[in-house]
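First comes the structure, then the notes that go with it.
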Amino acid sequence: MRFYFKTDYAQDVRLFQDGVQVFWYVALAAALLALPVLLPEYLIGQMVFILIYCIIGAGMMLLIGYTGQISLGHAAFLAVGAYTEALLQARGVPFAVSLSAAALLSGVAGFIIGMPALRLKGIYLAIATMAFGFIVEEVITRWEHVTGGNSGKQLKQIDFFGIAIDNDARFYYLCLGLVAVIFLGMINLMRSPTGRAFVAIRDSEISAQSMGIHLARYKTISFAISAALTGVAGALYAHKVQFISPEQFNLLVSIEMATLVFIGGLGSFHGAVFGAAFIIALPQVIVFMKDYLPTAIAQQTGLQPTIFGLILIAFLIFEPLGIYGRWVKIRTYFSLFPFYRGGMFRRQKAYMKSDRLK
Amino acid sequence: MSFFTAENLSIQFGGVKAVTNVSFEVERGEVFTIIGPNGAGKTTIFNLISLIYPPTSGRILFEGQEITGLAPHRVANLGIARTFQNIELFEHATVLQNLLIGRHTHRTTALWQELLFLPPVRRAEIAHREAAEKVIDFLDLQHYRDSFVAGLPYGVRKVVELARALTTGPKLQLLDEPSSGLNPEESDDMAFWIEDLKKDLGITVLMVEHDMSLVSRVSDRVLALNQGEMLALGTSREVQSDPRVIEAYLGKQE
């Protein structure tokens, strides 16, 4: 176990606590950079999906995990990003511009939807955002002369400042760079006044308000940033799959995006990464496992959703803090070895909450 | 012109008259206490001052400016901070982070600067910490600086909540039952701090309190309420010996 003896406020504000942490992040970066050399092409393709879902995860974590506002309509912003990218690329707009436009347009859409929707709370907000998701899905299905309706849209490969992103390794590096920049930005935001305002809103709206935080404004900012990140992910996703159609942005996708942060662990960007890796890797693992299962089970219809559902339920019951919570426990176990106690992370009964002022 | 004025405040929820025609003035630098039996409308008055409820009639003036009708989050900017009867801290954050949220009204940086964590943000963050540290020092919270609020004992949370309010740099501090749930020793500390608020920091205190020994120790003036109406206003001794106040608490003598 390490103790930090702080002698200076600058130590409190630093990105990394100490050299050990820097070492591990450098090691992680090196491993990620070396990955395309080590892994076969197919797995690199899967890594690209994980990175895209990391971006989605960062947006959802900001909104659900840090600001405490649920959304079940985020697939709509994924669609806005994807279609913006498809339409602009078809007009020959350079990738850097079209990606920014995808982010901006989704962000603006998030801002406009957030303003009325965020006056609602909890389950009502969930339903309102879900309705928004349905509307967008319906619009892209019907608005045929722009979106191509159900026959979808084709995308060409990305031309990134003259470099053709024509294989998965290059696409992987592009996504990795974006993920690094986005996560750094989000971590910076969370250690600044805006990020703290989000956390304040999540934990107690009434006292956030009495600290001078404009609730509606900060909720809308959080929603807009989260929508913009989802838009970026949508643009990348469109290029990765090269063909987009309305059913790729339905309610199930929205739910999957929200589930991601619950599985990963609410309230940490590590959780967003773990959740993204889990959502992409699990179906692959199930497919792989099929070969080793008795035929009677392996050939069952609906095997994959069943296993997925069971794991999700198991998580909610046994590890509400998600994969990140599990990771923290394991790390604490080793750093305190042999003094770890079973009840160390057991949640204490919360003290009486005052009846919230509606 | 007095520091803080409530003029004929009334609020009705449907047919329930929670507060009726309450008027009082608080002078700069005094400790003003509102007492009354349960349901007398004490916390409702606090919520009216925090602008969480709009009054049915009446006005509130702070430093000569009318504040009724402003958006609730503006109250903190004016220099009015409050604590809550049942503690409303940010549970999943450390004590320091809680205090830093109290610095929100002193925010100087823009969103885009924060995304990049530019030098101005870094400097502002250090300045916020220095300000928070002064309050930590004042209330002896050094030991809990980096602990999560969710794991702290009740007495400490109560102090953390006061600390968070003080970090906003208030001119008027509203305390909603500062000693409720505290043991006699903690209550005693709280009384010291309220005196220090007034003497050392020059903060005006408006509080709601049940513990009469604390009330008579720290308050300059006391207002007694019953069922939303004013019963008596004066020094602690005068109010406590007022027959109407005794009647409200203990019932009529047969």
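Identifiers in the structure tokens: chain A, B, ... in order shown; residue index from 1 per chain; ligand index from 1 in order shown.
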Mind checking which residues fall within 12 Å of Pro305 (chain A), counting only C-alpha atoms, ignoring those fewer than 4 positions away in the same chain, and posting them as a PyMOL selection string?
chain A and resi 279+282-283+286-287+300-301+309-312
With chain A as the partner and 6 Å as the cut-off, tabulate the residues of chain B that qualify, each row holding the nearest pair of atoms and their distance in Å to one decimal, using only C-alpha atoms, sorted by chain and rising number, as JSON lines.
{"residue": "B:His73", "atom": "CA", "partner": "A:Gly212", "partner_atom": "CA", "distance": 4.3}
{"residue": "B:Arg74", "atom": "CA", "partner": "A:Gly212", "partner_atom": "CA", "distance": 5.9}
{"residue": "B:Ala76", "atom": "CA", "partner": "A:Gly212", "partner_atom": "CA", "distance": 4.8}
{"residue": "B:Asn86", "atom": "CA", "partner": "A:Ser354", "partner_atom": "CA", "distance": 5.3}
{"residue": "B:Phe90", "atom": "CA", "partner": "A:Asp203", "partner_atom": "CA", "distance": 4.9}
{"residue": "B:Gly102", "atom": "CA", "partner": "A:Met211", "partner_atom": "CA", "distance": 5.6}
{"residue": "B:Thr105", "atom": "CA", "partner": "A:Gly212", "partner_atom": "CA", "distance": 5.9}
{"residue": "B:Glu114", "atom": "CA", "partner": "A:Leu189", "partner_atom": "CA", "distance": 5.5}
{"residue": "B:Leu115", "atom": "CA", "partner": "A:Gly185", "partner_atom": "CA", "distance": 4.7}
{"residue": "B:Phe117", "atom": "CA", "partner": "A:Asn188", "partner_atom": "CA", "distance": 5.6}
{"residue": "B:Ile126", "atom": "CA", "partner": "A:Tyr9", "partner_atom": "CA", "distance": 5.8}
Taking N, CA and C atoms for each residue, export the selection above as an mmCIF file, in the first residue's frame.
data_model
loop_
_atom_site.group_PDB
_atom_site.id
_atom_site.type_symbol
_atom_site.label_atom_id
_atom_site.label_comp_id
_atom_site.auth_asym_id
_atom_site.auth_seq_id
_atom_site.Cartn_x
_atom_site.Cartn_y
_atom_site.Cartn_z
ATOM 1 N N HIS B 73 -30.234 29.348 -7.812
ATOM 2 C CA HIS B 73 -28.771 29.218 -7.756
ATOM 3 C C HIS B 73 -28.067 30.566 -7.601
ATOM 4 N N ARG B 74 -28.841 31.664 -7.757
ATOM 5 C CA ARG B 74 -28.228 32.994 -7.638
ATOM 6 C C ARG B 74 -27.950 33.380 -6.185
ATOM 7 N N ALA B 76 -26.401 31.867 -3.829
ATOM 8 C CA ALA B 76 -25.017 31.652 -3.411
ATOM 9 C C ALA B 76 -24.116 32.783 -3.896
ATOM 10 N N ASN B 86 -30.978 17.704 7.521
ATOM 11 C CA ASN B 86 -30.618 16.292 7.488
ATOM 12 C C ASN B 86 -29.373 16.017 6.653
ATOM 13 N N PHE B 90 -22.284 15.711 -0.747
ATOM 14 C CA PHE B 90 -22.057 14.902 -1.944
ATOM 15 C C PHE B 90 -21.368 13.640 -1.471
ATOM 16 N N GLY B 102 -18.021 23.884 -3.113
ATOM 17 C CA GLY B 102 -18.417 25.137 -2.474
ATOM 18 C C GLY B 102 -17.771 26.358 -3.118
ATOM 19 N N THR B 105 -18.978 29.291 -7.018
ATOM 20 C CA THR B 105 -19.307 30.671 -7.386
ATOM 21 C C THR B 105 -18.045 31.493 -7.665
ATOM 22 N N GLU B 114 -10.850 24.106 -19.365
ATOM 23 C CA GLU B 114 -10.848 22.978 -18.444
ATOM 24 C C GLU B 114 -10.597 21.668 -19.178
ATOM 25 N N LEU B 115 -11.146 21.556 -20.401
ATOM 26 C CA LEU B 115 -10.926 20.343 -21.186
ATOM 27 C C LEU B 115 -9.439 20.122 -21.435
ATOM 28 N N PHE B 117 -7.070 21.585 -19.500
ATOM 29 C CA PHE B 117 -6.407 21.820 -18.225
ATOM 30 C C PHE B 117 -5.223 22.776 -18.408
ATOM 31 N N ILE B 126 -5.376 25.474 -7.682
ATOM 32 C CA ILE B 126 -4.527 25.626 -6.494
ATOM 33 C C ILE B 126 -5.113 26.705 -5.580
#
Can you tell me, as a tab-separated table (two decimals) with C-alpha atoms, in the first residue's frame, what residues are no more than 12 Å from Tyr173 (chain A) when counting only C-alpha atoms, ignoring any on the same chain fewer than 3 positions away?
chain	number	residue	atom	x	y	z
A	29	ALA	CA	0.38	2.80	-24.17
A	32	LEU	CA	-1.55	-0.85	-27.21
A	33	LEU	CA	0.80	0.56	-29.86
A	34	ALA	CA	2.44	-2.84	-30.37
A	35	LEU	CA	-0.87	-4.69	-30.61
A	36	PRO	CA	-1.30	-4.65	-34.42
A	37	VAL	CA	2.06	-6.42	-34.76
A	44	ILE	CA	-7.46	-5.92	-34.45
A	45	GLY	CA	-10.85	-5.36	-36.07
A	47	MET	CA	-10.07	-3.95	-30.96
A	48	VAL	CA	-11.33	-1.14	-33.19
A	51	LEU	CA	-12.09	1.58	-28.95
A	52	ILE	CA	-15.25	2.94	-30.59
A	160	PHE	CA	-6.82	11.00	-43.19
A	165	ILE	CA	-7.06	4.21	-43.77
A	166	ASP	CA	-7.33	1.02	-45.81
A	167	ASN	CA	-6.64	-1.67	-43.22
A	168	ASP	CA	-7.68	-2.43	-39.65
A	169	ALA	CA	-4.26	-1.61	-38.20
A	170	ARG	CA	-4.41	1.96	-39.51
A	176	LEU	CA	-6.49	4.85	-30.42
A	177	GLY	CA	-5.34	8.44	-30.94
A	178	LEU	CA	-8.91	9.75	-30.66
A	179	VAL	CA	-9.60	7.66	-27.56
A	180	ALA	CA	-6.45	8.99	-25.89
Mind listing the strand (DSSP E or B) residues of region 130-233 of chain B, per DSSP on the backbone, as a PyMOL selection string?
chain B and resi 148+172-176+204-208+221-226+229-233
The selected residues should be written to file as a PDB file, in the first residue's frame (atoms: C-alpha atoms).
ATOM      1  CA  PHE B 148     -15.024   9.882   1.434  1.00  0.00           C
ATOM      2  CA  LEU B 172     -24.984  35.469   5.656  1.00  0.00           C
ATOM      3  CA  GLN B 173     -24.866  31.880   6.860  1.00  0.00           C
ATOM      4  CA  LEU B 174     -28.128  29.980   7.278  1.00  0.00           C
ATOM      5  CA  LEU B 175     -27.813  27.044   9.694  1.00  0.00           C
ATOM      6  CA  ASP B 176     -30.715  24.604   9.821  1.00  0.00           C
ATOM      7  CA  THR B 204     -23.911  37.049  10.082  1.00  0.00           C
ATOM      8  CA  VAL B 205     -25.682  33.877  11.194  1.00  0.00           C
ATOM      9  CA  LEU B 206     -29.366  33.099  10.834  1.00  0.00           C
ATOM     10  CA  MET B 207     -30.187  29.764  12.390  1.00  0.00           C
ATOM     11  CA  VAL B 208     -32.962  27.411  13.320  1.00  0.00           C
ATOM     12  CA  ARG B 221     -31.838  37.804  19.181  1.00  0.00           C
ATOM     13  CA  VAL B 222     -34.441  35.091  18.986  1.00  0.00           C
ATOM     14  CA  LEU B 223     -37.667  34.855  17.038  1.00  0.00           C
ATOM     15  CA  ALA B 224     -40.268  32.345  18.205  1.00  0.00           C
ATOM     16  CA  LEU B 225     -42.763  30.951  15.722  1.00  0.00           C
ATOM     17  CA  ASN B 226     -45.802  28.789  16.145  1.00  0.00           C
ATOM     18  CA  GLU B 229     -47.016  32.907  12.887  1.00  0.00           C
ATOM     19  CA  MET B 230     -44.702  35.123  14.913  1.00  0.00           C
ATOM     20  CA  LEU B 231     -45.042  34.722  18.665  1.00  0.00           C
ATOM     21  CA  ALA B 232     -42.226  36.736  20.150  1.00  0.00           C
ATOM     22  CA  LEU B 233     -39.039  38.512  19.129  1.00  0.00           C
TER      23      LEU B 233
END
